[in-house]
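Chemist: My structure is below; once you've seen it, I'll send some questions.
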Amino acid sequence: MNNNGQKNFLDNFRNPNGSYHIPVWLIVVGFCFNWMLGAGLMIARLCEDKPAAVGQTAAENQNPSAATATTATGSQKTKTKKKKSPAAILTGLGVFAVLLGVVDLPDSIQYLVWCINNDTGISYAVEDVAKNGIWIISGVIMLIWAQRLRSGERIRNKITAIVGDAPHMHISEVAEALPASRNKTEKYLQQCIDSGMFGEKAYLDMRSECIVISGPAPMSKKERAAQEAARKAEAEAEANLDEYEKILKEIREINDKIPGEEFSAKISRLENLTAKIFKIVQDQPEKQKKLRKFISYYLPTSMKLLHNYQQMDAQGIEGKNISEAKQQIEETMDTMISAFERQLDALFSTENMDVSADIAAMQNLMKADGLIENELTDKIDKLQ
């Protein structure tokens, strides 16, 4: 039986409020099987609470205050005429049927043995044993059914208490509160929805993994992940921006403290290259992985050399050690600028490949359409 068929079959045993009920055809089958089973089912049906209409259930879900008022108004009737639950009736009948079968079974077996030994009345003895077996089986069926009714009622009451007045709730939260596995929780919730416990508009939204009682569905898991990733990327970008601005500001402050025009111009060039590198990374964060060594070693080392130069220049003397150290840093400055220029150029390697691919594709298309001559083709080849 497929899932739809199973659901339709189970719907025959549920009221709109989610409780089980016993259909008439099942009572007839019970009488055909065993009069005790049929009588138990019939008594249990008579003890059932009358199910609320679907419209009434939906109205109560939409207007809880009205439902509370109605409940309060009818509280007197409920107190004066409270029916026993079908589970209690089935339990009592089940225990009675099992005891009746068990008590009479030894005598029936003993009589069957006597009939077999005397080769007479065996069919009647077998019939007696079968009847006792049917009593026991019927009682066990009623006890199992009563237990299922109690279990289902407890789960429904618990789910109702867990969900409460919330417009929606994550399935995982309901599963943790029950507690039950995710698959069982989905099954329980779907049964509650199918029975109308949460109103006609309730449904399971698997995109957001929620049960939606009213209103729009919450954000889906994929949308939440995308939003979280965007928030994280934005925070990282802001952190990087603050760090980049801090480094550029530090370079400018060092440059302001150094009076030499030639060396100051080199520092300005270094600052300009660094700012361009940072701008590319801000606009294209995926290129940040190409700057790991630049960020972690080359740039900090350059900043350290500039700080050393500024400190030595601030001493106001030109001793041998200071002069030699400053000269080494000045000579290294050209190498640093060249390295920064190459680092900036390396960030455009992907763009260079894209440009070459676009030119080649356009050239081939023009050749195929006969839009360019060989002389013009040679010129395009030279551009590449």
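We label chains A, B, ... in the order they appear in the structure tokens, count residues from 1 in each chain, and number ligands from 1 in the order shown.
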Enumerate the residues of range 142-360 of chain A with a DSSP assignment of alpha helix (DSSP H), computed from the backbone, and present them as a PyMOL selection string.

Modeler: chain A and resi 142-163+171-177+182-194+221-257+261-283+292-293+299-313+320-346+349-360

Chemist: Need to verify the contact set: Cys210 in chain A, 6 Å, only C-alpha atoms, exclusion of same-chain residues closer than 5 positions in sequence. Can you return it as an mmCIF file with all heavy atoms, in the first residue's frame?

Modeler:
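Generated output (part19.cif):
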```cif
data_model
loop_
_atom_site.group_PDB
_atom_site.id
_atom_site.type_symbol
_atom_site.label_atom_id
_atom_site.label_comp_id
_atom_site.auth_asym_id
_atom_site.auth_seq_id
_atom_site.Cartn_x
_atom_site.Cartn_y
_atom_site.Cartn_z
ATOM 1 N N MET A 169 6.688 26.358 13.836
ATOM 2 C CA MET A 169 7.719 25.806 14.709
ATOM 3 C C MET A 169 8.551 24.809 13.919
ATOM 4 O O MET A 169 8.027 24.057 13.092
ATOM 5 C CB MET A 169 7.094 25.116 15.928
ATOM 6 C CG MET A 169 8.120 24.553 16.914
ATOM 7 S SD MET A 169 7.360 23.966 18.463
ATOM 8 C CE MET A 169 6.876 25.524 19.215
ATOM 9 N N HIS A 170 9.849 24.786 14.186
ATOM 10 C CA HIS A 170 10.739 23.861 13.492
ATOM 11 C C HIS A 170 10.446 22.428 13.919
ATOM 12 O O HIS A 170 10.200 22.151 15.103
ATOM 13 C CB HIS A 170 12.197 24.197 13.784
ATOM 14 C CG HIS A 170 12.677 25.440 13.095
ATOM 15 N ND1 HIS A 170 12.960 25.466 11.745
ATOM 16 C CD2 HIS A 170 12.903 26.690 13.554
ATOM 17 C CE1 HIS A 170 13.340 26.675 11.416
ATOM 18 N NE2 HIS A 170 13.319 27.447 12.493
ATOM 19 N N ILE A 171 10.494 21.528 12.955
ATOM 20 C CA ILE A 171 10.232 20.114 13.243
ATOM 21 C C ILE A 171 11.250 19.573 14.232
ATOM 22 O O ILE A 171 10.922 18.771 15.110
ATOM 23 C CB ILE A 171 10.257 19.296 11.931
ATOM 24 C CG1 ILE A 171 9.150 19.786 10.983
ATOM 25 C CG2 ILE A 171 10.081 17.812 12.207
ATOM 26 C CD1 ILE A 171 9.187 19.154 9.609
ATOM 27 N N LEU A 204 3.100 21.081 6.568
ATOM 28 C CA LEU A 204 4.537 20.915 6.797
ATOM 29 C C LEU A 204 5.286 21.573 5.644
ATOM 30 O O LEU A 204 5.095 21.186 4.489
ATOM 31 C CB LEU A 204 4.915 19.437 6.895
ATOM 32 C CG LEU A 204 4.489 18.688 8.149
ATOM 33 C CD1 LEU A 204 4.970 17.246 8.088
ATOM 34 C CD2 LEU A 204 5.043 19.362 9.402
ATOM 35 N N ASP A 205 6.122 22.530 5.956
ATOM 36 C CA ASP A 205 6.930 23.202 4.942
ATOM 37 C C ASP A 205 8.349 22.647 5.030
ATOM 38 O O ASP A 205 9.106 23.000 5.951
ATOM 39 C CB ASP A 205 6.931 24.717 5.178
ATOM 40 C CG ASP A 205 7.663 25.455 4.078
ATOM 41 O OD1 ASP A 205 7.059 25.655 3.010
ATOM 42 O OD2 ASP A 205 8.835 25.810 4.282
#
```

Chemist: Near Ile162 in chain A, within 12 Å and counting only C-alpha atoms, which residues show up once chain neighbours fewer than 6 positions away are dropped, as a list in words?

Modeler: Ile155, Arg156, His168, Met169, His170, Ile171, Ser172, Glu173, Val174, Ala175, Glu176, Ala177, Leu178, Pro179, Leu189 and Ile211 of chain A

Chemist: Output N, CA and C atoms for every residue in the selection just made, as a short mmCIF file (atom, residue, chain, number, x, y, z; two decimals), in the first residue's frame.

Modeler:
```
data_model
loop_
_atom_site.label_atom_id
_atom_site.label_comp_id
_atom_site.auth_asym_id
_atom_site.auth_seq_id
_atom_site.Cartn_x
_atom_site.Cartn_y
_atom_site.Cartn_z
N ILE A 155 0.58 11.59 22.67
CA ILE A 155 1.43 12.29 21.69
C ILE A 155 0.72 13.53 21.15
N ARG A 156 -0.58 13.40 20.84
CA ARG A 156 -1.32 14.55 20.32
C ARG A 156 -1.40 15.67 21.35
N HIS A 168 4.31 29.08 13.73
CA HIS A 168 5.09 28.02 13.10
C HIS A 168 6.16 27.55 14.08
N MET A 169 6.69 26.36 13.84
CA MET A 169 7.72 25.81 14.71
C MET A 169 8.55 24.81 13.92
N HIS A 170 9.85 24.79 14.19
CA HIS A 170 10.74 23.86 13.49
C HIS A 170 10.45 22.43 13.92
N ILE A 171 10.49 21.53 12.96
CA ILE A 171 10.23 20.11 13.24
C ILE A 171 11.25 19.57 14.23
N SER A 172 12.50 20.00 14.11
CA SER A 172 13.55 19.52 15.01
C SER A 172 13.25 19.93 16.46
N GLU A 173 12.65 21.09 16.67
CA GLU A 173 12.30 21.52 18.02
C GLU A 173 11.21 20.63 18.61
N VAL A 174 10.22 20.29 17.78
CA VAL A 174 9.15 19.40 18.25
C VAL A 174 9.73 18.02 18.56
N ALA A 175 10.65 17.54 17.69
CA ALA A 175 11.26 16.22 17.90
C ALA A 175 12.05 16.17 19.20
N GLU A 176 12.77 17.26 19.51
CA GLU A 176 13.54 17.30 20.75
C GLU A 176 12.62 17.35 21.97
N ALA A 177 11.51 18.02 21.84
CA ALA A 177 10.60 18.16 22.98
C ALA A 177 9.80 16.89 23.25
N LEU A 178 9.54 16.08 22.24
CA LEU A 178 8.67 14.91 22.44
C LEU A 178 9.22 13.90 23.46
N PRO A 179 10.40 13.34 23.38
CA PRO A 179 11.37 13.30 22.28
C PRO A 179 11.04 12.14 21.33
N LEU A 189 3.18 14.78 13.18
CA LEU A 189 2.68 16.10 12.79
C LEU A 189 1.75 16.01 11.59
N ILE A 211 6.55 23.21 10.82
CA ILE A 211 5.11 23.06 10.72
C ILE A 211 4.54 24.48 10.77
#
```

Chemist: Identify, on the basis of only C-alpha atoms, every residue whose closest approach to Leu105 in chain A does not exceed 10 Å; exclude the query and any residue fewer than 3 positions from it along the same chain; express the result as a PDB file with N, CA, C and O atoms, in the first residue's frame.

Modeler:
```
ATOM      1  N   LEU A  99      -8.830 -13.175  30.390  1.00  0.00           N
ATOM      2  CA  LEU A  99      -9.036 -14.018  31.574  1.00  0.00           C
ATOM      3  C   LEU A  99     -10.022 -15.139  31.283  1.00  0.00           C
ATOM      4  O   LEU A  99      -9.821 -16.294  31.710  1.00  0.00           O
ATOM      5  N   LEU A 100     -11.110 -14.813  30.564  1.00  0.00           N
ATOM      6  CA  LEU A 100     -12.102 -15.838  30.258  1.00  0.00           C
ATOM      7  C   LEU A 100     -11.497 -16.956  29.418  1.00  0.00           C
ATOM      8  O   LEU A 100     -11.732 -18.142  29.664  1.00  0.00           O
ATOM      9  N   GLY A 101     -10.686 -16.585  28.434  1.00  0.00           N
ATOM     10  CA  GLY A 101     -10.058 -17.603  27.599  1.00  0.00           C
ATOM     11  C   GLY A 101      -9.023 -18.401  28.342  1.00  0.00           C
ATOM     12  O   GLY A 101      -8.929 -19.632  28.190  1.00  0.00           O
ATOM     13  N   VAL A 102      -8.221 -17.732  29.160  1.00  0.00           N
ATOM     14  CA  VAL A 102      -7.147 -18.428  29.881  1.00  0.00           C
ATOM     15  C   VAL A 102      -7.716 -19.373  30.934  1.00  0.00           C
ATOM     16  O   VAL A 102      -7.214 -20.488  31.124  1.00  0.00           O
ATOM     17  N   SER A 108     -10.442 -27.124  28.362  1.00  0.00           N
ATOM     18  CA  SER A 108     -10.685 -27.448  26.952  1.00  0.00           C
ATOM     19  C   SER A 108      -9.562 -28.323  26.400  1.00  0.00           C
ATOM     20  O   SER A 108      -9.808 -29.288  25.657  1.00  0.00           O
ATOM     21  N   ILE A 109      -8.333 -28.027  26.787  1.00  0.00           N
ATOM     22  CA  ILE A 109      -7.201 -28.843  26.320  1.00  0.00           C
ATOM     23  C   ILE A 109      -7.286 -30.249  26.916  1.00  0.00           C
ATOM     24  O   ILE A 109      -7.049 -31.255  26.228  1.00  0.00           O
ATOM     25  N   GLN A 110      -7.638 -30.324  28.205  1.00  0.00           N
ATOM     26  CA  GLN A 110      -7.749 -31.640  28.850  1.00  0.00           C
ATOM     27  C   GLN A 110      -8.859 -32.469  28.191  1.00  0.00           C
ATOM     28  O   GLN A 110      -8.691 -33.679  27.968  1.00  0.00           O
ATOM     29  N   TYR A 111      -9.972 -31.796  27.859  1.00  0.00           N
ATOM     30  CA  TYR A 111     -11.064 -32.504  27.197  1.00  0.00           C
ATOM     31  C   TYR A 111     -10.643 -32.961  25.807  1.00  0.00           C
ATOM     32  O   TYR A 111     -11.006 -34.065  25.370  1.00  0.00           O
ATOM     33  N   ASP A 128     -13.944 -26.163  21.067  1.00  0.00           N
ATOM     34  CA  ASP A 128     -13.850 -25.506  22.374  1.00  0.00           C
ATOM     35  C   ASP A 128     -12.489 -24.830  22.543  1.00  0.00           C
ATOM     36  O   ASP A 128     -12.389 -23.699  23.040  1.00  0.00           O
ATOM     37  N   VAL A 129     -11.422 -25.537  22.152  1.00  0.00           N
ATOM     38  CA  VAL A 129     -10.075 -24.944  22.268  1.00  0.00           C
ATOM     39  C   VAL A 129      -9.957 -23.704  21.378  1.00  0.00           C
ATOM     40  O   VAL A 129      -9.386 -22.677  21.767  1.00  0.00           O
ATOM     41  N   ALA A 130     -10.526 -23.791  20.175  1.00  0.00           N
ATOM     42  CA  ALA A 130     -10.468 -22.658  19.246  1.00  0.00           C
ATOM     43  C   ALA A 130     -11.211 -21.454  19.811  1.00  0.00           C
ATOM     44  O   ALA A 130     -10.762 -20.304  19.685  1.00  0.00           O
ATOM     45  N   LYS A 131     -12.373 -21.727  20.448  1.00  0.00           N
ATOM     46  CA  LYS A 131     -13.122 -20.622  21.030  1.00  0.00           C
ATOM     47  C   LYS A 131     -12.322 -19.921  22.119  1.00  0.00           C
ATOM     48  O   LYS A 131     -12.293 -18.685  22.206  1.00  0.00           O
ATOM     49  N   ASN A 132     -11.669 -20.724  22.964  1.00  0.00           N
ATOM     50  CA  ASN A 132     -10.842 -20.121  24.016  1.00  0.00           C
ATOM     51  C   ASN A 132      -9.679 -19.317  23.419  1.00  0.00           C
ATOM     52  O   ASN A 132      -9.319 -18.247  23.919  1.00  0.00           O
ATOM     53  N   GLY A 133      -9.101 -19.866  22.338  1.00  0.00           N
ATOM     54  CA  GLY A 133      -8.027 -19.143  21.670  1.00  0.00           C
ATOM     55  C   GLY A 133      -8.514 -17.826  21.084  1.00  0.00           C
ATOM     56  O   GLY A 133      -7.820 -16.803  21.145  1.00  0.00           O
ATOM     57  N   TRP A 135     -11.032 -16.064  22.227  1.00  0.00           N
ATOM     58  CA  TRP A 135     -11.219 -15.155  23.359  1.00  0.00           C
ATOM     59  C   TRP A 135      -9.894 -14.470  23.715  1.00  0.00           C
ATOM     60  O   TRP A 135      -9.837 -13.260  23.922  1.00  0.00           O
ATOM     61  N   ILE A 136      -8.855 -15.290  23.805  1.00  0.00           N
ATOM     62  CA  ILE A 136      -7.540 -14.732  24.196  1.00  0.00           C
ATOM     63  C   ILE A 136      -7.029 -13.760  23.136  1.00  0.00           C
ATOM     64  O   ILE A 136      -6.566 -12.655  23.444  1.00  0.00           O
TER      65      ILE A 136
END
```

Chemist: Give me the residues near Thr301 in chain A as a list in words, where near means some atom within 12 Å (using only C-alpha atoms) and where sequence neighbours in that chain fewer than 6 positions away do not count.

Modeler: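 With the cut-off at 12 Å, the set is Lys293, Phe294, Ile295, His307, Asn308, Ile329, Thr332, Met333 and Met336 of chain A.
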
Chemist: Based on the selection just made, write N, CA, C and O atoms of those residues as a PDB file, in the first residue's frame.

Modeler:
```pdb
ATOM      1  N   LYS A 293      50.943  35.404   1.253  1.00  0.00           N
ATOM      2  CA  LYS A 293      52.336  35.710   1.589  1.00  0.00           C
ATOM      3  C   LYS A 293      52.565  37.220   1.613  1.00  0.00           C
ATOM      4  O   LYS A 293      53.328  37.726   2.454  1.00  0.00           O
ATOM      5  N   PHE A 294      51.898  37.943   0.711  1.00  0.00           N
ATOM      6  CA  PHE A 294      52.046  39.395   0.683  1.00  0.00           C
ATOM      7  C   PHE A 294      51.556  40.018   1.990  1.00  0.00           C
ATOM      8  O   PHE A 294      52.221  40.883   2.573  1.00  0.00           O
ATOM      9  N   ILE A 295      50.359  39.544   2.461  1.00  0.00           N
ATOM     10  CA  ILE A 295      49.767  40.093   3.685  1.00  0.00           C
ATOM     11  C   ILE A 295      50.527  39.631   4.922  1.00  0.00           C
ATOM     12  O   ILE A 295      50.730  40.393   5.871  1.00  0.00           O
ATOM     13  N   HIS A 307      59.379  51.720   9.678  1.00  0.00           N
ATOM     14  CA  HIS A 307      59.401  52.175  11.073  1.00  0.00           C
ATOM     15  C   HIS A 307      60.849  52.352  11.548  1.00  0.00           C
ATOM     16  O   HIS A 307      61.175  53.344  12.228  1.00  0.00           O
ATOM     17  N   ASN A 308      61.703  51.404  11.225  1.00  0.00           N
ATOM     18  CA  ASN A 308      63.113  51.498  11.628  1.00  0.00           C
ATOM     19  C   ASN A 308      63.767  52.737  11.014  1.00  0.00           C
ATOM     20  O   ASN A 308      64.541  53.453  11.676  1.00  0.00           O
ATOM     21  N   ILE A 329      68.156  50.414   3.765  1.00  0.00           N
ATOM     22  CA  ILE A 329      66.698  50.484   3.611  1.00  0.00           C
ATOM     23  C   ILE A 329      66.333  51.259   2.353  1.00  0.00           C
ATOM     24  O   ILE A 329      65.415  50.876   1.610  1.00  0.00           O
ATOM     25  N   THR A 332      66.880  49.061  -0.539  1.00  0.00           N
ATOM     26  CA  THR A 332      65.873  47.990  -0.552  1.00  0.00           C
ATOM     27  C   THR A 332      64.509  48.519  -0.978  1.00  0.00           C
ATOM     28  O   THR A 332      63.661  47.764  -1.472  1.00  0.00           O
ATOM     29  N   MET A 333      64.312  49.827  -0.820  1.00  0.00           N
ATOM     30  CA  MET A 333      63.023  50.428  -1.140  1.00  0.00           C
ATOM     31  C   MET A 333      62.661  50.207  -2.607  1.00  0.00           C
ATOM     32  O   MET A 333      61.495  49.922  -2.939  1.00  0.00           O
ATOM     33  N   MET A 336      61.417  46.750  -2.973  1.00  0.00           N
ATOM     34  CA  MET A 336      60.076  46.615  -2.408  1.00  0.00           C
ATOM     35  C   MET A 336      59.025  47.154  -3.375  1.00  0.00           C
ATOM     36  O   MET A 336      57.970  46.527  -3.588  1.00  0.00           O
TER      37      MET A 336
END
```
